[in-house]
Amino acid sequence: MDTAKINLYDMLLCLSSSVDLISPEVSTHHQQVAYLAFRLAEQMKLSKEEQRDILIAGMLHDIGALTLSERLALFEEEPITINSHAYRSAKLLKEFEPFKAISETVRYHHVPWDYENGRKFMGKNVPLASHLLYLADRTCILIDKREDVLTQVPHILSHINSKGNDRYMPQAVDALMALGKIEHIWLTLAYEAPLDYLPTVSMLDMINLDLDDLIHISKMFSHIIDFRSNFTATHSAGVAKTAQKLGEIAGFSNNECKMLLVAGYLHDLGKLAIKNSLLEKPSALDEKEYIIIRSHTFYTYQLLNTIKDFQTINKWASFHHEKLNGNGYPFHLNGESIPLGSRIMAVADIFTAVTEHRPYRKGMEKDQVIRVLNSMVEDGSICPEVVSKLLKNFNLLTEICNISQQQATYDYKQFFNDDVEIC
């Protein structure tokens, strides 16, 4: 992997698309809002840096809405109360240093203008960009995908105008009215991937991420994946750290071990497409539910496949349910077609999963874990060499997994304990 070629825009698009999996009913919303917010900033002649930042903020503004019900609630036209998703989105963004600058924009993106009172919220300054983002968000929600978009523009603009200084910053509304005369803006908003028509994304292509950056942003991804349920809140952390150590034991280079850590954080990205009711089911899954769950690795592969020069990490992350005997999923790979990194990820995932408490069972003890792993080696499912290395270092790997999951538990509690509400 050539990390110099991993650009920020690819990662942003992957993250934005993955969160949209939670609710296909409102898919492309992040892209729509990002596109319109950028056009508003452009119309208002904000600086190139401000335009770039609001584009990023738009792509990620609702990442803190972790469940389907939360996501759909955001699409009420004029909600009386906006719950804490904006605050949680900002907290997630602060985990990754390059996103700290936009976290405040996202934090306040549901604060109304309120005749200039919206310049502050709870004693703190509200960025101008937050008001642009709010207007872009509410405008995009008014678009009915079932109808021709151009016929809707007069009604949408009239509705926005009727809210006046109460809801929206006048300068932003003026910019929107000017854009209302430009057909291609609205036709692009109605397209399934609006950002494809924004050539200025090249400003983000110039921002490259090294492996340490990838570790930080993938850890942020993992919190979006895992924090949807207290039963999965620590899973990716355990898998990532276990895989990283197994790679070290297997003789992987330092960079390859970092890549395993990234792959571990991202291996369940496709589970964002799975309903929480399945993840939290208090009993074993039935056959139909198990089939649905099996789709998650395909979604992981498709999402990560959009990132240039990410093929190795993608395979290590996405093939963790493939089996050497060809009975895995979703690609039914076998033998040598499954890379060693993927074999390590498979064993790390099983090891972490069977030791975790789930809604329908308690975590297994050491002797049970050993039996499960040996049984899967015997039937040709998983790599005997990787399992042998794990068993020889069982106590060390258990300690590493436990420590990482204890930290993840702390992070999970902190993430929700100080939630606030924006009214």
# chains A, B, ... in the order shown; residues from 1 in each chain; ligands from 1

call {"tool": "select_by_dssp", "arguments": {"residues": "segment 118-159 of chain A", "states": "strand (DSSP E)", "output": "PDB file with C-alpha atoms, in the first residue's frame"}}
result
ATOM      1  CA  LYS A 120     -24.417  32.320  20.302  1.00  0.00           C
ATOM      2  CA  PHE A 121     -25.651  29.133  21.945  1.00  0.00           C
ATOM      3  CA  LYS A 124     -20.601  30.051  23.033  1.00  0.00           C
ATOM      4  CA  ASN A 125     -20.092  31.555  19.586  1.00  0.00           C
TER       5      ASN A 125
END

call {"tool": "residues_around", "arguments": {"residues": "segment 407-417 of chain A", "least_positions_apart": "4", "cutoff": "7 Å", "atoms": "only C-alpha atoms", "output": "PDB file with N, CA and C atoms, in the first residue's frame"}}
result
ATOM      1  N   PHE A 227     -20.602   1.651  18.489  1.00  0.00           N
ATOM      2  CA  PHE A 227     -21.355   2.341  19.531  1.00  0.00           C
ATOM      3  C   PHE A 227     -22.857   2.346  19.279  1.00  0.00           C
ATOM      4  N   ALA A 233     -20.049  -2.638  21.542  1.00  0.00           N
ATOM      5  CA  ALA A 233     -19.321  -1.395  21.791  1.00  0.00           C
ATOM      6  C   ALA A 233     -17.807  -1.554  21.814  1.00  0.00           C
ATOM      7  N   THR A 234     -17.319  -2.747  22.098  1.00  0.00           N
ATOM      8  CA  THR A 234     -15.873  -2.937  22.231  1.00  0.00           C
ATOM      9  C   THR A 234     -15.298  -3.915  21.208  1.00  0.00           C
ATOM     10  N   ALA A 237     -12.379  -2.828  18.630  1.00  0.00           N
ATOM     11  CA  ALA A 237     -11.140  -2.544  19.360  1.00  0.00           C
ATOM     12  C   ALA A 237     -10.419  -3.833  19.716  1.00  0.00           C
ATOM     13  N   ILE A 403      -7.511  -5.325  27.635  1.00  0.00           N
ATOM     14  CA  ILE A 403      -7.130  -3.930  27.875  1.00  0.00           C
ATOM     15  C   ILE A 403      -7.757  -3.016  26.818  1.00  0.00           C
TER      16      ILE A 403
END

call {"tool": "residues_around", "arguments": {"residues": "segment 383-386 of chain A", "least_positions_apart": "4", "cutoff": "9 Å", "atoms": "only C-alpha atoms", "output": "PDB file with C-alpha atoms, in the first residue's frame"}}
result
ATOM      1  CA  LEU A 246      -0.841 -11.689  15.926  1.00  0.00           C
ATOM      2  CA  ALA A 250       3.787 -13.874  12.640  1.00  0.00           C
ATOM      3  CA  LYS A 323     -12.820 -20.043   5.139  1.00  0.00           C
ATOM      4  CA  LEU A 324      -9.920 -22.096   3.823  1.00  0.00           C
ATOM      5  CA  LEU A 340      -2.381 -14.294   5.535  1.00  0.00           C
ATOM      6  CA  ARG A 343      -6.505 -15.377   8.011  1.00  0.00           C
ATOM      7  CA  ILE A 344      -5.145 -13.461  10.982  1.00  0.00           C
ATOM      8  CA  ALA A 346     -10.529 -14.265  10.900  1.00  0.00           C
ATOM      9  CA  VAL A 347      -8.860 -15.819  13.944  1.00  0.00           C
ATOM     10  CA  ASN A 374      -9.242 -26.352  17.308  1.00  0.00           C
ATOM     11  CA  MET A 376     -12.499 -24.934  13.219  1.00  0.00           C
ATOM     12  CA  VAL A 377      -8.936 -25.910  12.333  1.00  0.00           C
ATOM     13  CA  GLU A 378      -9.959 -29.566  12.069  1.00  0.00           C
ATOM     14  CA  LEU A 390      -2.573 -17.594  19.188  1.00  0.00           C
ATOM     15  CA  LEU A 391      -2.698 -20.617  21.500  1.00  0.00           C
TER      16      LEU A 391
END

call {"tool": "closest_residue", "arguments": {"among": "A:Ala190, A:Ser295, A:Pro127, A:Leu15", "to": "Thr151 of chain A", "atoms": "only C-alpha atoms"}}
result
A:Ala190

call {"tool": "residues_around", "arguments": {"residues": "Asn395 of chain A", "least_positions_apart": "6", "cutoff": "12 Å", "atoms": "only C-alpha atoms", "output": "VMD selection string"}}
result
chain A and resid 242 365 to 366 370 389 401 to 402

call {"tool": "write_last_selection", "arguments": {"atoms": "N, CA and C atoms", "output": "PDB file, in the first residue's frame"}}
result
ATOM      1  N   THR A 242      -5.907  -7.408  18.742  1.00  0.00           N
ATOM      2  CA  THR A 242      -5.521  -8.820  18.668  1.00  0.00           C
ATOM      3  C   THR A 242      -4.859  -9.126  17.331  1.00  0.00           C
ATOM      4  N   GLU A 365     -14.962 -19.324  28.453  1.00  0.00           N
ATOM      5  CA  GLU A 365     -13.724 -19.467  29.208  1.00  0.00           C
ATOM      6  C   GLU A 365     -12.633 -20.024  28.291  1.00  0.00           C
ATOM      7  N   LYS A 366     -11.395 -20.027  28.791  1.00  0.00           N
ATOM      8  CA  LYS A 366     -10.238 -20.411  27.988  1.00  0.00           C
ATOM      9  C   LYS A 366     -10.385 -21.788  27.356  1.00  0.00           C
ATOM     10  N   ILE A 370     -10.436 -22.609  23.272  1.00  0.00           N
ATOM     11  CA  ILE A 370      -9.471 -23.513  22.632  1.00  0.00           C
ATOM     12  C   ILE A 370     -10.191 -24.598  21.845  1.00  0.00           C
ATOM     13  N   LYS A 389      -0.159 -20.006  16.759  1.00  0.00           N
ATOM     14  CA  LYS A 389       0.498 -18.825  17.333  1.00  0.00           C
ATOM     15  C   LYS A 389      -0.371 -18.189  18.408  1.00  0.00           C
ATOM     16  N   CYS A 401      -6.326  -8.014  24.351  1.00  0.00           N
ATOM     17  CA  CYS A 401      -7.725  -7.848  23.948  1.00  0.00           C
ATOM     18  C   CYS A 401      -8.536  -7.211  25.073  1.00  0.00           C
ATOM     19  N   ASN A 402      -8.323  -7.690  26.300  1.00  0.00           N
ATOM     20  CA  ASN A 402      -9.079  -7.166  27.447  1.00  0.00           C
ATOM     21  C   ASN A 402      -8.782  -5.694  27.695  1.00  0.00           C
TER      22      ASN A 402
END

call {"tool": "closest_residue", "arguments": {"among": "A:Ala273, A:Leu133, A:Leu92, A:Met364", "to": "Gln51 of chain A", "atoms": "only C-alpha atoms"}}
result
A:Leu133

call {"tool": "atom_distance", "arguments": {"atom1": "atom CA of Ala34 of chain A", "atom2": "atom CA of Ala317 of chain A"}}
result
28.3 Å

call {"tool": "closest_residue", "arguments": {"among": "A:His30, A:Arg39, A:His235, A:His320", "to": "Ile56 of chain A", "atoms": "only C-alpha atoms"}}
result
A:His30

call {"tool": "residues_around", "arguments": {"residues": "Pro282 of chain A", "least_positions_apart": "2", "cutoff": "10 Å", "atoms": "only C-alpha atoms", "output": "number ranges by chain"}}
result
A: 277-280, 284-285, 358-361

call {"tool": "residues_around", "arguments": {"residues": "Leu150 of chain A", "least_positions_apart": "3", "cutoff": "12 Å", "atoms": "only C-alpha atoms", "output": "ChimeraX atom specification"}}
result
/A:143-145,147,153-157,180-190

call {"tool": "write_last_selection", "arguments": {"atoms": "N, CA and C atoms", "output": "PDB file, in the first residue's frame"}}
result
ATOM      1  N   ILE A 143     -36.645  18.446  -0.462  1.00  0.00           N
ATOM      2  CA  ILE A 143     -36.679  17.880  -1.818  1.00  0.00           C
ATOM      3  C   ILE A 143     -37.330  16.501  -1.792  1.00  0.00           C
ATOM      4  N   ASP A 144     -38.350  16.327  -2.599  1.00  0.00           N
ATOM      5  CA  ASP A 144     -39.037  15.039  -2.736  1.00  0.00           C
ATOM      6  C   ASP A 144     -38.432  14.301  -3.933  1.00  0.00           C
ATOM      7  N   LYS A 145     -37.737  13.206  -3.650  1.00  0.00           N
ATOM      8  CA  LYS A 145     -37.049  12.463  -4.714  1.00  0.00           C
ATOM      9  C   LYS A 145     -38.013  11.850  -5.728  1.00  0.00           C
ATOM     10  N   GLU A 147     -40.493  13.370  -7.138  1.00  0.00           N
ATOM     11  CA  GLU A 147     -40.996  14.383  -8.065  1.00  0.00           C
ATOM     12  C   GLU A 147     -39.843  15.073  -8.793  1.00  0.00           C
ATOM     13  N   VAL A 153     -38.644  23.713  -6.916  1.00  0.00           N
ATOM     14  CA  VAL A 153     -37.802  24.815  -6.451  1.00  0.00           C
ATOM     15  C   VAL A 153     -38.610  26.027  -5.976  1.00  0.00           C
ATOM     16  N   PRO A 154     -39.613  26.510  -6.724  1.00  0.00           N
ATOM     17  CA  PRO A 154     -40.366  27.681  -6.241  1.00  0.00           C
ATOM     18  C   PRO A 154     -40.983  27.464  -4.858  1.00  0.00           C
ATOM     19  N   HIS A 155     -41.563  26.288  -4.639  1.00  0.00           N
ATOM     20  CA  HIS A 155     -42.173  26.004  -3.339  1.00  0.00           C
ATOM     21  C   HIS A 155     -41.115  25.954  -2.243  1.00  0.00           C
ATOM     22  N   ILE A 156     -39.985  25.320  -2.522  1.00  0.00           N
ATOM     23  CA  ILE A 156     -38.920  25.210  -1.520  1.00  0.00           C
ATOM     24  C   ILE A 156     -38.412  26.593  -1.129  1.00  0.00           C
ATOM     25  N   LEU A 157     -38.147  27.434  -2.126  1.00  0.00           N
ATOM     26  CA  LEU A 157     -37.641  28.777  -1.840  1.00  0.00           C
ATOM     27  C   LEU A 157     -38.668  29.608  -1.085  1.00  0.00           C
ATOM     28  N   GLY A 180     -31.257  29.568  -6.614  1.00  0.00           N
ATOM     29  CA  GLY A 180     -32.541  29.073  -7.089  1.00  0.00           C
ATOM     30  C   GLY A 180     -32.761  29.291  -8.576  1.00  0.00           C
ATOM     31  N   LYS A 181     -32.002  30.202  -9.161  1.00  0.00           N
ATOM     32  CA  LYS A 181     -32.155  30.501 -10.587  1.00  0.00           C
ATOM     33  C   LYS A 181     -31.244  29.637 -11.468  1.00  0.00           C
ATOM     34  N   ILE A 182     -30.423  28.818 -10.839  1.00  0.00           N
ATOM     35  CA  ILE A 182     -29.420  28.040 -11.587  1.00  0.00           C
ATOM     36  C   ILE A 182     -29.838  26.575 -11.610  1.00  0.00           C
ATOM     37  N   GLU A 183     -30.371  26.154 -12.741  1.00  0.00           N
ATOM     38  CA  GLU A 183     -30.972  24.812 -12.824  1.00  0.00           C
ATOM     39  C   GLU A 183     -30.000  23.693 -12.479  1.00  0.00           C
ATOM     40  N   HIS A 184     -28.761  23.801 -12.922  1.00  0.00           N
ATOM     41  CA  HIS A 184     -27.856  22.662 -12.738  1.00  0.00           C
ATOM     42  C   HIS A 184     -27.572  22.379 -11.260  1.00  0.00           C
ATOM     43  N   ILE A 185     -27.681  23.401 -10.423  1.00  0.00           N
ATOM     44  CA  ILE A 185     -27.488  23.183  -8.977  1.00  0.00           C
ATOM     45  C   ILE A 185     -28.532  22.198  -8.457  1.00  0.00           C
ATOM     46  N   TRP A 186     -29.773  22.414  -8.824  1.00  0.00           N
ATOM     47  CA  TRP A 186     -30.873  21.592  -8.312  1.00  0.00           C
ATOM     48  C   TRP A 186     -30.913  20.217  -8.975  1.00  0.00           C
ATOM     49  N   LEU A 187     -30.590  20.181 -10.247  1.00  0.00           N
ATOM     50  CA  LEU A 187     -30.537  18.888 -10.935  1.00  0.00           C
ATOM     51  C   LEU A 187     -29.425  18.016 -10.347  1.00  0.00           C
ATOM     52  N   THR A 188     -28.331  18.650  -9.963  1.00  0.00           N
ATOM     53  CA  THR A 188     -27.240  17.909  -9.326  1.00  0.00           C
ATOM     54  C   THR A 188     -27.658  17.401  -7.953  1.00  0.00           C
ATOM     55  N   LEU A 189     -28.391  18.220  -7.208  1.00  0.00           N
ATOM     56  CA  LEU A 189     -28.877  17.790  -5.889  1.00  0.00           C
ATOM     57  C   LEU A 189     -29.758  16.555  -5.989  1.00  0.00           C
ATOM     58  N   ALA A 190     -30.482  16.435  -7.082  1.00  0.00           N
ATOM     59  CA  ALA A 190     -31.387  15.295  -7.255  1.00  0.00           C
ATOM     60  C   ALA A 190     -30.657  14.046  -7.734  1.00  0.00           C
TER      61      ALA A 190
END

call {"tool": "closest_residue", "arguments": {"among": "A:Asp367, A:Ser283, A:Ile313, A:Val19", "to": "Gly270 of chain A", "atoms": "only C-alpha atoms"}}
result
A:Val19

call {"tool": "residues_around", "arguments": {"residues": "segment 128-130 of chain A", "least_positions_apart": "5", "cutoff": "9 Å", "atoms": "only C-alpha atoms", "output": "PDB file with C-alpha atoms, in the first residue's frame"}}
result
ATOM      1  CA  ALA A  37     -23.455  23.997   1.656  1.00  0.00           C
ATOM      2  CA  ALA A  41     -20.280  29.227   0.697  1.00  0.00           C
ATOM      3  CA  GLU A  50     -13.881  27.965   4.451  1.00  0.00           C
ATOM      4  CA  ASP A  53     -14.225  23.013   5.597  1.00  0.00           C
ATOM      5  CA  ILE A  54     -17.961  23.358   5.037  1.00  0.00           C
ATOM      6  CA  ALA A  57     -18.705  19.306   7.543  1.00  0.00           C
ATOM      7  CA  GLU A 104     -17.793  23.178  16.094  1.00  0.00           C
ATOM      8  CA  THR A 105     -19.568  23.788  12.781  1.00  0.00           C
ATOM      9  CA  VAL A 106     -21.208  20.390  13.075  1.00  0.00           C
ATOM     10  CA  ARG A 107     -21.841  20.812  16.803  1.00  0.00           C
ATOM     11  CA  TYR A 108     -24.129  23.803  16.209  1.00  0.00           C
ATOM     12  CA  HIS A 109     -25.661  22.967  12.838  1.00  0.00           C
ATOM     13  CA  HIS A 110     -29.205  22.841  14.242  1.00  0.00           C
ATOM     14  CA  VAL A 111     -29.107  26.197  16.027  1.00  0.00           C
ATOM     15  CA  ARG A 119     -24.880  33.909  16.895  1.00  0.00           C
ATOM     16  CA  LEU A 135     -29.954  26.004   5.780  1.00  0.00           C
ATOM     17  CA  MET A 169     -29.371  33.692   8.524  1.00  0.00           C
TER      18      MET A 169
END
